[in-house]
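The next block is entry_9.txt, given as compact mmCIF, C-alpha atoms.
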```txt
# COMPACT_ATOMS: atom_id res chain seq x y z
CA MET A 25 41.14 -0.47 9.76
CA PRO A 26 42.92 -1.75 6.61
CA GLN A 27 40.88 -1.65 3.43
CA SER A 28 40.34 -5.41 3.49
CA GLY A 29 38.55 -5.22 6.86
CA ILE A 30 34.76 -4.85 6.93
CA VAL A 31 33.48 -3.45 10.22
CA LYS A 32 30.70 -5.59 11.68
CA TYR A 33 30.53 -4.35 15.25
CA HIS A 34 31.37 -1.27 17.28
CA VAL A 35 32.41 -2.20 20.84
CA LYS A 36 32.01 0.86 23.06
CA LEU A 37 33.31 1.06 26.63
CA SER A 38 33.40 3.84 29.20
CA TYR A 39 36.31 4.32 31.62
CA GLU A 40 37.26 6.27 34.73
CA VAL A 41 40.83 6.80 35.97
CA ASP A 42 41.76 8.13 39.42
CA GLY A 43 44.44 10.40 38.01
CA LEU A 44 45.41 12.59 35.09
CA VAL A 45 46.34 10.56 32.00
CA GLU A 46 46.43 11.06 28.21
CA ARG A 47 44.55 9.26 25.45
CA ALA A 48 47.74 7.41 24.56
CA ASP A 49 47.90 6.03 28.12
CA ILE A 50 44.38 4.61 27.78
CA ILE A 51 45.19 2.96 24.44
CA GLY A 52 48.45 1.59 25.85
CA ALA A 53 46.60 0.06 28.81
CA ILE A 54 44.03 -1.56 26.51
CA PHE A 55 46.71 -3.20 24.38
CA GLY A 56 49.20 -3.96 27.18
CA GLN A 57 46.93 -5.35 29.85
CA THR A 58 44.93 -7.60 27.50
CA GLU A 59 48.04 -9.07 25.83
CA GLY A 60 48.24 -12.80 26.52
CA LEU A 61 45.12 -12.68 28.64
CA LEU A 62 42.93 -14.50 26.10
CA GLY A 63 45.58 -16.42 24.18
CA PRO A 64 47.93 -15.26 21.38
CA GLU A 65 45.25 -15.36 18.69
CA MET A 66 43.14 -12.91 20.72
CA ASN A 67 45.86 -10.29 21.18
CA LEU A 68 44.63 -6.95 19.88
CA ASN A 69 47.89 -6.43 17.97
CA GLU A 70 47.37 -9.74 16.15
CA LEU A 71 43.72 -8.97 15.45
CA GLN A 72 44.70 -5.62 14.00
CA ARG A 73 47.35 -7.26 11.83
CA VAL A 74 44.77 -9.57 10.23
CA SER A 75 42.25 -6.73 9.85
CA LYS A 76 39.88 -8.02 12.52
CA VAL A 77 40.20 -4.92 14.70
CA GLY A 78 40.39 -1.35 13.48
CA ARG A 79 41.86 1.82 14.90
CA ILE A 80 40.73 2.31 18.51
CA GLU A 81 39.17 5.74 19.08
CA VAL A 82 39.48 7.20 22.58
CA ASP A 83 38.17 10.46 23.97
CA ALA A 84 39.27 11.84 27.31
CA LYS A 85 37.86 14.45 29.68
CA SER A 86 39.88 15.52 32.71
CA THR A 87 38.91 17.16 35.98
CA ALA A 88 41.22 18.27 38.79
CA ASN A 89 42.45 14.75 39.54
CA THR A 90 40.46 12.27 37.38
CA THR A 91 40.16 11.31 33.75
CA SER A 92 37.11 9.76 32.09
CA GLY A 93 35.79 9.08 28.64
CA THR A 94 34.93 6.36 26.14
CA ALA A 95 36.81 3.94 23.90
CA LEU A 96 35.35 2.74 20.58
CA ILE A 97 36.73 -0.42 18.98
CA PRO A 98 35.64 -1.31 15.42
CA MET A 99 35.71 -5.09 14.90
CA SER A 100 35.07 -7.48 12.01
CA THR A 101 35.03 -10.65 14.12
CA ASP A 102 32.07 -12.70 15.28
CA ILE A 103 30.00 -11.57 18.26
CA ASP A 104 31.65 -14.13 20.56
CA THR A 105 35.08 -12.59 19.96
CA CYS A 106 33.65 -9.11 20.54
CA ALA A 107 32.26 -10.25 23.87
CA LEU A 108 35.60 -11.79 24.94
CA ILE A 109 37.54 -8.65 24.00
CA ALA A 110 35.02 -6.48 25.88
CA ALA A 111 35.28 -8.70 28.96
CA GLY A 112 39.08 -8.60 28.76
CA ILE A 113 39.12 -4.81 28.66
CA GLU A 114 36.68 -4.62 31.56
CA SER A 115 39.27 -6.52 33.63
CA ILE A 116 41.82 -3.65 33.30
CA ASP A 117 42.31 -2.01 36.70
CA LYS A 118 45.37 0.20 36.15
CA VAL A 119 46.36 2.95 33.74
CA GLY A 120 49.94 3.73 34.60
CA PRO A 121 50.11 4.06 38.39
CA PHE A 122 46.43 5.00 38.73
CA ASP A 123 43.45 2.83 39.55
CA CYS A 124 40.82 2.65 36.84
CA SER A 125 37.64 0.85 35.78
CA PHE A 126 36.27 0.01 32.33
CA LYS A 127 32.61 -0.80 31.67
CA LEU A 128 30.98 -2.04 28.48
CA VAL A 129 28.43 0.44 27.13
CA SER A 130 27.27 -1.35 23.99
CA ILE A 131 28.11 -3.68 21.12
CA ASP A 132 26.41 -2.20 18.07
CA ASP A 133 25.79 -4.21 14.91
CA VAL A 134 26.99 -1.80 12.21
CA ARG A 135 25.42 -3.89 9.46
CA ALA A 136 21.97 -3.68 11.06
CA ALA A 137 22.27 0.09 11.25
CA LYS A 138 23.36 0.19 7.60
CA LYS A 139 20.37 -1.93 6.61
CA ASP A 140 18.04 0.51 8.36
CA ASP A 141 19.70 3.43 6.56
CA ILE A 142 19.50 1.61 3.22
CA VAL A 143 15.80 0.86 3.66
CA LYS A 144 15.10 4.45 4.71
CA ARG A 145 17.02 5.84 1.75
CA ALA A 146 15.34 3.38 -0.63
CA LYS A 147 11.93 4.62 0.51
CA GLU A 148 13.01 8.22 -0.11
CA ILE A 149 14.30 7.35 -3.58
CA LYS A 150 11.10 5.48 -4.44
CA GLN A 151 8.91 8.36 -3.27
CA ARG A 152 10.86 11.01 -5.16
CA TRP A 153 11.18 8.92 -8.33
CA ALA A 154 7.56 7.86 -8.32
CA THR A 155 6.10 11.29 -7.65
CA LYS A 156 8.37 13.02 -10.15
CA THR A 157 8.24 10.62 -13.07
CA VAL A 158 5.90 7.68 -12.77
CA SER A 159 2.57 9.48 -12.73
CA GLU A 160 3.35 11.65 -15.73
CA GLY A 161 4.89 9.24 -18.20
CA GLU A 162 7.41 10.10 -20.84
CA GLY A 163 5.06 12.36 -22.79
CA MET A 164 4.40 14.84 -20.00
CA LEU A 165 7.65 16.77 -20.30
CA ARG A 166 6.81 17.42 -23.94
CA ASP A 167 3.41 18.69 -22.80
CA VAL A 168 5.11 21.09 -20.40
CA HIS A 169 7.43 22.59 -22.99
CA GLU A 170 5.36 22.22 -26.16
CA GLY A 171 1.72 21.76 -25.20
CA ASP A 172 -0.98 24.40 -25.38
CA SER A 173 -1.70 24.12 -21.65
CA GLY A 174 1.28 26.29 -20.76
CA LYS A 175 5.02 26.80 -21.08
CA LEU A 176 7.92 27.89 -18.92
CA SER A 177 8.90 31.53 -19.03
CA THR A 178 10.63 34.12 -16.85
CA TYR A 179 9.39 37.20 -15.05
CA GLY A 180 11.04 40.48 -14.11
CA PRO A 181 14.65 41.71 -14.18
CA SER A 182 15.72 38.77 -11.99
CA LYS A 183 14.27 36.34 -14.57
CA LEU A 184 12.24 34.41 -12.02
CA THR A 185 10.88 31.13 -13.40
CA CYS A 186 7.17 31.26 -14.15
CA SER A 187 4.57 29.69 -16.42
CA SER A 188 3.39 31.71 -19.39
CA GLY A 189 -0.13 32.11 -18.04
CA VAL A 190 1.10 34.38 -15.24
CA TYR A 191 0.93 37.48 -17.43
CA ASP A 192 -2.77 37.21 -18.33
CA ALA A 193 -4.18 35.38 -15.29
CA SER A 194 -6.36 37.29 -12.83
CA TRP A 195 -4.82 35.30 -9.97
CA ILE A 196 -1.38 33.80 -9.39
CA ILE A 197 0.25 31.04 -7.37
CA LEU A 198 3.53 31.78 -5.59
CA VAL A 199 5.80 28.72 -5.25
CA GLU A 200 9.37 28.28 -4.04
CA GLY A 201 11.35 27.12 -7.08
CA ARG A 202 11.53 26.20 -10.76
CA ALA A 203 10.71 22.52 -10.15
CA ASP A 204 7.48 23.58 -8.42
CA VAL A 205 6.42 25.66 -11.44
CA ILE A 206 7.04 22.66 -13.72
CA ASN A 207 5.04 20.33 -11.46
CA LEU A 208 2.09 22.73 -11.39
CA LEU A 209 2.19 22.87 -15.18
CA ARG A 210 1.91 19.10 -15.23
CA ALA A 211 -1.19 19.39 -13.07
CA GLY A 212 -2.71 21.97 -15.43
CA TYR A 213 -1.94 25.17 -13.51
CA ASP A 214 -0.11 27.67 -15.74
CA ASN A 215 -0.32 30.72 -13.48
CA SER A 216 2.54 30.12 -11.03
CA VAL A 217 5.78 32.00 -10.40
CA ALA A 218 8.81 30.96 -8.33
CA ILE A 219 10.01 33.38 -5.67
CA GLU A 220 13.40 31.55 -5.73
CA GLY A 221 14.71 32.35 -2.27
CA ALA A 222 13.66 33.58 1.14
CA LYS A 223 14.33 37.19 0.15
CA ILE A 224 11.30 38.33 -1.85
CA ASP A 225 12.18 40.05 -5.12
CA GLU A 226 10.66 43.48 -5.77
CA SER A 227 9.13 42.23 -9.02
CA ILE A 228 7.07 39.70 -7.01
CA LYS A 229 5.58 42.52 -4.98
CA GLU A 230 4.69 44.43 -8.16
CA LEU A 231 3.15 41.34 -9.76
CA CYS A 232 1.01 40.59 -6.71
CA ASN A 233 -0.29 44.17 -6.63
CA SER A 234 -1.50 43.77 -10.22
CA LYS A 235 -3.57 40.63 -9.55
CA ASP A 236 -7.03 40.14 -8.04
CA LYS A 237 -5.99 37.22 -5.87
CA VAL A 238 -2.64 35.85 -4.66
CA VAL A 239 -2.12 32.25 -3.50
CA ALA A 240 0.99 31.01 -1.69
CA PHE A 241 1.66 27.29 -2.22
CA LEU A 242 4.82 26.25 -0.36
CA ASP A 243 6.66 23.11 0.76
CA GLY A 244 5.35 21.25 3.80
CA ASP A 245 8.52 21.65 5.86
CA ARG A 246 10.01 24.19 8.28
CA ALA A 247 11.65 26.13 5.46
CA GLY A 248 8.27 26.47 3.78
CA GLY A 249 6.89 27.88 7.01
CA PHE A 250 9.69 30.45 7.25
CA ILE A 251 9.19 31.53 3.63
CA LEU A 252 5.45 31.86 4.20
CA LYS A 253 6.12 34.15 7.16
CA GLU A 254 8.47 36.27 5.04
CA LEU A 255 5.95 36.43 2.19
CA LYS A 256 3.19 37.61 4.50
CA SER A 257 5.38 40.45 5.70
CA VAL A 258 5.71 41.96 2.22
CA VAL A 259 2.76 40.64 0.17
CA ASP A 260 -0.98 40.53 0.82
CA LEU A 261 -1.91 36.86 0.51
CA ASP A 262 -5.49 35.76 -0.08
CA TYR A 263 -4.77 32.04 0.41
CA GLU A 264 -1.97 30.27 2.29
CA LEU A 265 -1.38 26.65 1.22
CA GLN A 266 1.36 24.12 1.96
CA ALA A 267 2.12 20.64 0.66
CA ASP A 268 1.61 17.64 2.94
CA THR A 269 3.86 17.59 6.02
CA GLY A 270 7.45 16.76 5.08
CA VAL A 271 6.70 16.82 1.34
CA GLU A 272 7.86 19.38 -1.21
CA VAL A 273 5.54 20.82 -3.87
CA GLU A 274 7.78 19.38 -6.60
CA GLU A 275 7.18 15.88 -5.15
CA LEU A 276 3.37 15.99 -5.25
CA THR A 277 1.46 14.03 -7.87
CA PRO A 278 -0.69 16.04 -10.30
CA ALA A 279 -3.79 14.54 -8.66
CA ARG A 280 -2.68 15.70 -5.19
CA ILE A 281 -1.84 19.19 -6.48
CA ASP A 282 -5.32 19.44 -7.93
CA GLU A 283 -6.89 18.27 -4.66
CA ILE A 284 -5.12 21.11 -2.82
CA LEU A 285 -5.60 23.88 -5.39
CA LYS A 286 -8.99 23.10 -6.93
CA PRO A 287 -11.12 24.39 -4.01
CA VAL A 288 -9.22 27.68 -4.16
CA LYS A 289 -9.51 27.85 -7.94
CA ASP A 290 -13.25 27.14 -7.81
CA GLU A 291 -13.78 29.83 -5.19
CA ILE A 292 -11.71 32.43 -7.06
CA GLU A 293 -13.22 31.69 -10.44
CA GLY A 294 -16.69 31.21 -9.02
CA GLY A 295 -17.00 27.68 -10.32
CA GLY A 296 -17.86 25.73 -7.19
CA PRO A 297 -18.15 21.94 -7.27
CA ILE A 298 -18.75 20.67 -10.77
CA THR A 299 -21.36 18.03 -11.41
CA PRO A 300 -20.60 16.52 -14.80
CA THR A 301 -23.31 15.82 -17.32
CA LEU A 302 -23.04 12.40 -18.98
CA GLN A 303 -22.95 12.74 -22.81
CA ASN A 304 -24.90 9.57 -23.53
CA GLU A 305 -26.24 6.37 -22.00
CA ASP A 306 -22.97 4.54 -22.72
CA ASP A 307 -21.23 6.65 -20.08
CA LYS A 308 -23.38 5.33 -17.23
CA PRO A 309 -21.83 1.84 -16.99
CA ILE A 310 -18.36 3.37 -17.37
CA ALA A 311 -19.11 5.81 -14.53
CA GLU A 312 -20.35 2.94 -12.33
CA LEU A 313 -17.20 0.97 -13.07
CA ALA A 314 -14.97 3.96 -12.30
CA SER A 315 -16.76 4.61 -9.00
CA LYS A 316 -16.08 1.01 -7.90
CA VAL A 317 -12.39 1.05 -8.80
CA TYR A 318 -11.49 4.64 -7.85
CA PRO A 319 -11.36 4.32 -4.01
CA ASP A 320 -8.73 1.55 -4.14
CA LEU A 321 -6.82 3.09 -7.04
CA ASN A 322 -6.57 6.77 -6.14
CA GLU A 323 -3.15 7.94 -4.85
CA THR A 324 -1.51 4.55 -5.53
CA LEU A 325 0.36 5.45 -8.75
CA GLU A 326 -0.94 2.17 -10.16
CA ALA A 327 -3.09 1.00 -13.07
CA VAL A 328 -5.65 -1.79 -13.21
CA ALA A 329 -6.76 -3.70 -16.32
CA LEU A 330 -10.19 -5.36 -16.54
CA ASP A 331 -11.77 -7.72 -19.05
CA GLY A 332 -15.22 -7.43 -20.64
CA GLU A 333 -16.84 -8.84 -17.50
CA GLN A 334 -15.00 -6.27 -15.38
CA LYS A 335 -12.75 -8.90 -13.81
CA GLU A 336 -9.21 -7.82 -12.93
CA ILE A 337 -6.50 -9.05 -15.31
CA PHE A 338 -3.57 -7.28 -13.62
CA LYS A 339 -2.64 -4.33 -11.41
CA VAL A 340 0.81 -2.77 -11.82
CA PRO A 341 2.72 0.45 -11.06
CA ILE A 342 2.31 3.02 -13.84
CA SER A 343 6.05 2.77 -14.53
CA GLU A 344 5.51 -0.81 -15.75
CA LEU A 345 2.21 -0.25 -17.53
CA VAL A 346 3.25 0.25 -21.16
CA SER A 347 5.59 -2.75 -21.17
CA LYS A 348 2.89 -4.84 -19.45
CA LEU A 349 0.36 -3.96 -22.14
CA SER A 350 2.65 -5.37 -24.84
CA THR A 351 2.32 -8.87 -23.35
CA GLN A 352 -1.39 -8.93 -22.44
CA THR A 353 -4.63 -9.56 -24.35
CA GLY A 354 -8.30 -9.56 -23.47
CA ILE A 355 -8.29 -6.14 -21.80
CA LYS A 356 -11.39 -3.97 -22.29
CA TYR A 357 -11.01 -1.34 -19.57
CA LEU A 358 -7.83 0.33 -18.31
CA LEU A 359 -8.00 2.64 -15.27
CA LEU A 360 -4.95 4.48 -13.94
CA ASP A 361 -3.97 6.84 -11.15
CA GLY A 362 -2.23 9.21 -13.52
CA ILE A 363 -2.36 10.95 -16.87
CA ILE A 364 -3.24 9.41 -20.23
CA THR A 365 -0.22 10.17 -22.42
CA GLN A 366 0.45 9.61 -26.12
CA ARG A 367 2.75 6.67 -25.36
CA LEU A 368 0.11 5.06 -23.18
CA LEU A 369 -2.52 5.68 -25.85
CA GLU A 370 -0.47 3.82 -28.47
CA GLY A 371 0.12 0.92 -26.09
CA ALA A 372 -3.59 0.70 -25.28
CA LYS A 373 -4.58 0.70 -28.94
CA ASN A 374 -2.06 -2.03 -29.75
CA ALA A 375 -3.47 -4.12 -26.88
CA GLY A 376 -7.02 -3.79 -28.23
CA ILE A 377 -8.32 -1.83 -25.23
CA GLU A 378 -11.67 -0.08 -25.70
CA CYS A 379 -11.75 2.38 -22.79
CA VAL A 380 -9.07 4.19 -20.75
CA ILE A 381 -9.88 6.25 -17.63
CA GLY A 382 -7.37 8.47 -15.77
CA HIS A 383 -7.08 11.74 -13.88
CA ARG A 384 -6.18 13.82 -16.93
CA VAL A 385 -5.77 13.45 -20.67
CA ALA A 386 -2.67 14.99 -22.24
CA LYS A 387 -2.68 16.57 -25.68
CA LEU A 388 -3.09 13.53 -27.93
CA SER A 389 -3.25 12.66 -31.59
CA ASN A 390 -4.91 9.70 -33.32
CA SER A 391 -7.18 8.64 -30.47
CA ASP A 392 -9.93 7.41 -32.81
CA GLY A 393 -11.57 4.13 -31.85
CA LEU A 394 -10.69 4.46 -28.16
CA THR A 395 -12.90 5.94 -25.42
CA LEU A 396 -10.91 8.26 -23.16
CA LYS A 397 -12.45 9.55 -19.93
CA THR A 398 -11.34 11.26 -16.74
CA PHE A 399 -12.61 10.44 -13.27
CA GLY A 400 -13.78 14.05 -13.06
CA GLU A 401 -15.86 13.82 -16.22
CA LEU A 402 -17.54 10.71 -14.86
CA GLY A 403 -18.37 12.40 -11.58
CA VAL A 404 -16.09 10.17 -9.53
CA ALA A 405 -13.34 12.61 -8.49
```
Mind turning the file's structure into structure tokens?
Amino acid sequence: MPQSGIVKYHVKLSYEVDGLVERADIIGAIFGQTEGLLGPEMNLNELQRVSKVGRIEVDAKSTANTTSGTALIPMSTDIDTCALIAAGIESIDKVGPFDCSFKLVSIDDVRAAKKDDIVKRAKEIKQRWATKTVSEGEGMLRDVHEGDSGKLSTYGPSKLTCSSGVYDASWIILVEGRADVINLLRAGYDNSVAIEGAKIDESIKELCNSKDKVVAFLDGDRAGGFILKELKSVVDLDYELQADTGVEVEELTPARIDEILKPVKDEIEGGGPITPTLQNEDDKPIAELASKVYPDLNETLEAVALDGEQKEIFKVPISELVSKLSTQTGIKYLLLDGIITQRLLEGAKNAGIECVIGHRVAKLSNSDGLTLKTFGELGVA
């Protein structure tokens, strides 16, 4: 179809011919036997000239004495014209000297299919963008590379990506790639190393032999399952973990990573479930508030702002939080499904907020005058 034409419909027909013919014979019959049948403005040649019909695609399959196949006609007309053209082609009864029959298979709305693809892709983009960037905020990458909680490093002759805690930790987490190591750092786990491929490097085997416990934490897809099987054939694994079905480890939020790994960490380190001790009486109302909000906030990647009477002022995605704070007043409590970063801290202080509660608190400076708590400290998560 010429560049000016925009395909709206695909008209698909099947055909059977009582003889041996070529694709060109089928196309010739379609053009020749519909010419003048529906009026000059409906001739396929004329419709092609004005970019209303595209190049007709025909496939052909021959047996000893018959030919069959399908014809696909891209059209940018209205549905009524598509129906007329389809009916006209169905009236064809000869291809060359041979009897034939055409039958409409479908008229597919290309635009509807594109809309479905666009919506599906948009959901994928939103999920990846949100899980990779929204929950951490701009300050988290600095925490990964500069913070005391851990840094990126390499291990062995193959320079496999790892976090710096791998060398001294009594247990390690095996993940698939560099992005997984970074995401675990964001969640506070600095003892992971990337195997970087289905073929397990010899240095991984040596590292595992030197540790008390070895945890495999792989993507929740078929590839992750294959890699797990390969790992088990060469390394003694104490724990086998995978991300949620269809999700990669690099896509998980820090909170979800902690949900998956914390039971293993507690068992290995002998911690067990932690029951926090409140520091003073002022923490009790904050803990009660957090317990009310947490069930509807957890795993939403959103933040909620409350006034002094604990009434909701707004609820927004974390990506919009800092800009939202610059236009709001009267906020006393801010609770978020994410990490309290330096940028968020400054925005909260400028907005006059008294208390901020999140899943984790990054390495911060100048937090005086603001109460910072985690859901874990308050006994909620």
With all atoms listed in the file as the atoms that count, which of A:Ala53, A:Arg73, A:Lys36, A:Leu369 lies nearest to Pro98 (chain A)?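 For Pro98 (chain A), the nearest of the given residues is A:Lys36.
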What does the structure give for the distance between CA of Ala240 (chain A) and CA of Leu252 (chain A), in Å to one decimal? 7.4 Å
For Asp83 (chain A), list every protein, DNA or RNA residue within 8 Å, evaluated using all atoms listed in the file, and leave out those in the same chain fewer than 2 positions away; present the list as a ChimeraX atom specification. /A:47,81,85,93-95
Minimum-distance residue to Thr105 (chain A), chosen among A:Leu330, A:Val404, A:Val35, A:Val82 (using only C-alpha atoms): A:Val35
Counting all atoms listed in the file, which residue out of A:Asp236, A:Glu370, A:Glu65, A:Glu312 sits closest to Leu388 (chain A)? A:Glu370
Distance query region 372-374 of chain A at most 12 Å, all atoms listed in the file, self and fewer than 5 positions along chain excluded, as a ChimeraX atom specification: /A:329,345-359,364-367,379-381,390-396
Taking all atoms listed in the file into account, which of A:Glu283, A:Glu70, A:Glu274, A:Glu323 comes nearest Gly201 (chain A)? A:Glu274
Please return as a PyMOL selection string every residue within 12 Å of (46.8, -9.4, 22.1), taking into account all atoms listed in the file and the file's own coordinates. chain A and resi 52-73+76-77+108-109+112-113
Residues at most 9 Å from region 260-262 of chain A, counting only C-alpha atoms, excluding those fewer than 3 positions away in the same chain, as a list in words?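 These residues fall inside the cut-off: Lys229, Cys232, Asn233, Lys237, Val238, Val239, Ala240, Leu255, Lys256 and Ser257 of chain A.
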Could you dump the residues just selected with C-alpha atoms as a PDB file, in the frame of the given file?
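Final file, again_27.pdb:
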```pdb
ATOM      1  CA  LYS A 229       5.580  42.520  -4.980  1.00  0.00           C
ATOM      2  CA  CYS A 232       1.010  40.590  -6.710  1.00  0.00           C
ATOM      3  CA  ASN A 233      -0.290  44.170  -6.630  1.00  0.00           C
ATOM      4  CA  LYS A 237      -5.990  37.220  -5.870  1.00  0.00           C
ATOM      5  CA  VAL A 238      -2.640  35.850  -4.660  1.00  0.00           C
ATOM      6  CA  VAL A 239      -2.120  32.250  -3.500  1.00  0.00           C
ATOM      7  CA  ALA A 240       0.990  31.010  -1.690  1.00  0.00           C
ATOM      8  CA  LEU A 255       5.950  36.430   2.190  1.00  0.00           C
ATOM      9  CA  LYS A 256       3.190  37.610   4.500  1.00  0.00           C
ATOM     10  CA  SER A 257       5.380  40.450   5.700  1.00  0.00           C
TER      11      SER A 257
END
```
Just give me the gap between CA of Leu198 (chain A) and CA of Phe399 (chain A) in Å, one decimal is fine. 27.8 Å
Using all atoms listed in the file, which protein or nucleic acid residues come within 9 Å of region 263-268 of chain A? Drop anything in the same chain fewer than 2 positions from it, and give the result as a list in words.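 Counting only the stated atoms, we get Lys237, Val238, Val239, Ala240, Phe241, Leu242, Asp243, Gly244, Asp245, Gly248, Gly249, Leu252, Leu261, Gly270, Val271, Glu272, Val273, Leu276, Ile281, Ile284, Leu285 and Val288 of chain A.
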Here is a test: counting only C-alpha atoms, which residue of A:Glu326, A:Glu230, A:Asp282, A:Glu254 is nearest to Tyr213 (chain A)?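 Among the listed residues, the smallest separation from Tyr213 (chain A) belongs to A:Asp282.
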Hey, can you check how far CA of Glu401 (chain A) sits from CA of Lys286 (chain A)?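 Going from CA of Glu401 (chain A) over to CA of Lys286 (chain A), I get 14.8 Å.
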Given all atoms listed in the file as the counted atoms, nearest of A:Ile197, A:Val134, A:Leu44, A:Leu96 to Ile30 (chain A): A:Val134
To box region 383-392 of chain A, take all atoms listed in the file, fit an axis-aligned box, add 6 Å on each side, and give centre and edge lengths in Å to one decimal, as JSON.
```
{"center_x": -6.3, "center_y": 12.0, "center_z": -23.6, "size_x": 19.3, "size_y": 21.2, "size_z": 31.4}
```
Can you sort out region 308-324 of chain A so it carries N, CA and C atoms, written as a PDB file, in the frame of the given file?
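rebuild_26.pdb, written as the output of this step:
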```
ATOM      1  N   LYS A 308     -22.897   5.761 -18.537  1.00  0.00           N
ATOM      2  CA  LYS A 308     -23.380   5.330 -17.230  1.00  0.00           C
ATOM      3  C   LYS A 308     -22.677   4.081 -16.722  1.00  0.00           C
ATOM      4  N   PRO A 309     -22.562   3.010 -17.511  1.00  0.00           N
ATOM      5  CA  PRO A 309     -21.830   1.840 -16.990  1.00  0.00           C
ATOM      6  C   PRO A 309     -20.358   2.127 -16.751  1.00  0.00           C
ATOM      7  N   ILE A 310     -19.766   3.010 -17.574  1.00  0.00           N
ATOM      8  CA  ILE A 310     -18.360   3.370 -17.370  1.00  0.00           C
ATOM      9  C   ILE A 310     -18.200   4.126 -16.051  1.00  0.00           C
ATOM     10  N   ALA A 311     -19.161   5.038 -15.773  1.00  0.00           N
ATOM     11  CA  ALA A 311     -19.110   5.810 -14.530  1.00  0.00           C
ATOM     12  C   ALA A 311     -19.278   4.885 -13.320  1.00  0.00           C
ATOM     13  N   GLU A 312     -20.156   3.896 -13.425  1.00  0.00           N
ATOM     14  CA  GLU A 312     -20.350   2.940 -12.330  1.00  0.00           C
ATOM     15  C   GLU A 312     -19.088   2.125 -12.098  1.00  0.00           C
ATOM     16  N   LEU A 313     -18.449   1.713 -13.190  1.00  0.00           N
ATOM     17  CA  LEU A 313     -17.200   0.970 -13.070  1.00  0.00           C
ATOM     18  C   LEU A 313     -16.124   1.813 -12.409  1.00  0.00           C
ATOM     19  N   ALA A 314     -16.000   3.069 -12.856  1.00  0.00           N
ATOM     20  CA  ALA A 314     -14.970   3.960 -12.300  1.00  0.00           C
ATOM     21  C   ALA A 314     -15.189   4.210 -10.815  1.00  0.00           C
ATOM     22  N   SER A 315     -16.462   4.339 -10.412  1.00  0.00           N
ATOM     23  CA  SER A 315     -16.760   4.610  -9.000  1.00  0.00           C
ATOM     24  C   SER A 315     -16.397   3.419  -8.118  1.00  0.00           C
ATOM     25  N   LYS A 316     -16.452   2.201  -8.668  1.00  0.00           N
ATOM     26  CA  LYS A 316     -16.080   1.010  -7.900  1.00  0.00           C
ATOM     27  C   LYS A 316     -14.568   0.906  -7.731  1.00  0.00           C
ATOM     28  N   VAL A 317     -13.843   1.237  -8.792  1.00  0.00           N
ATOM     29  CA  VAL A 317     -12.390   1.050  -8.800  1.00  0.00           C
ATOM     30  C   VAL A 317     -11.661   2.207  -8.123  1.00  0.00           C
ATOM     31  N   TYR A 318     -12.199   3.417  -8.262  1.00  0.00           N
ATOM     32  CA  TYR A 318     -11.490   4.640  -7.850  1.00  0.00           C
ATOM     33  C   TYR A 318     -11.004   4.629  -6.397  1.00  0.00           C
ATOM     34  N   PRO A 319     -11.834   4.235  -5.406  1.00  0.00           N
ATOM     35  CA  PRO A 319     -11.360   4.320  -4.010  1.00  0.00           C
ATOM     36  C   PRO A 319     -10.088   3.531  -3.735  1.00  0.00           C
ATOM     37  N   ASP A 320      -9.922   2.374  -4.373  1.00  0.00           N
ATOM     38  CA  ASP A 320      -8.730   1.550  -4.140  1.00  0.00           C
ATOM     39  C   ASP A 320      -7.570   1.910  -5.055  1.00  0.00           C
ATOM     40  N   LEU A 321      -7.844   2.744  -6.068  1.00  0.00           N
ATOM     41  CA  LEU A 321      -6.820   3.090  -7.040  1.00  0.00           C
ATOM     42  C   LEU A 321      -6.214   4.466  -6.801  1.00  0.00           C
ATOM     43  N   ASN A 322      -7.016   5.387  -6.298  1.00  0.00           N
ATOM     44  CA  ASN A 322      -6.570   6.770  -6.140  1.00  0.00           C
ATOM     45  C   ASN A 322      -5.373   6.875  -5.209  1.00  0.00           C
ATOM     46  N   GLU A 323      -4.368   7.680  -5.625  1.00  0.00           N
ATOM     47  CA  GLU A 323      -3.150   7.940  -4.850  1.00  0.00           C
ATOM     48  C   GLU A 323      -2.270   6.705  -4.680  1.00  0.00           C
ATOM     49  N   THR A 324      -2.373   5.733  -5.591  1.00  0.00           N
ATOM     50  CA  THR A 324      -1.510   4.550  -5.530  1.00  0.00           C
ATOM     51  C   THR A 324      -0.426   4.550  -6.582  1.00  0.00           C
TER      52      THR A 324
END
```
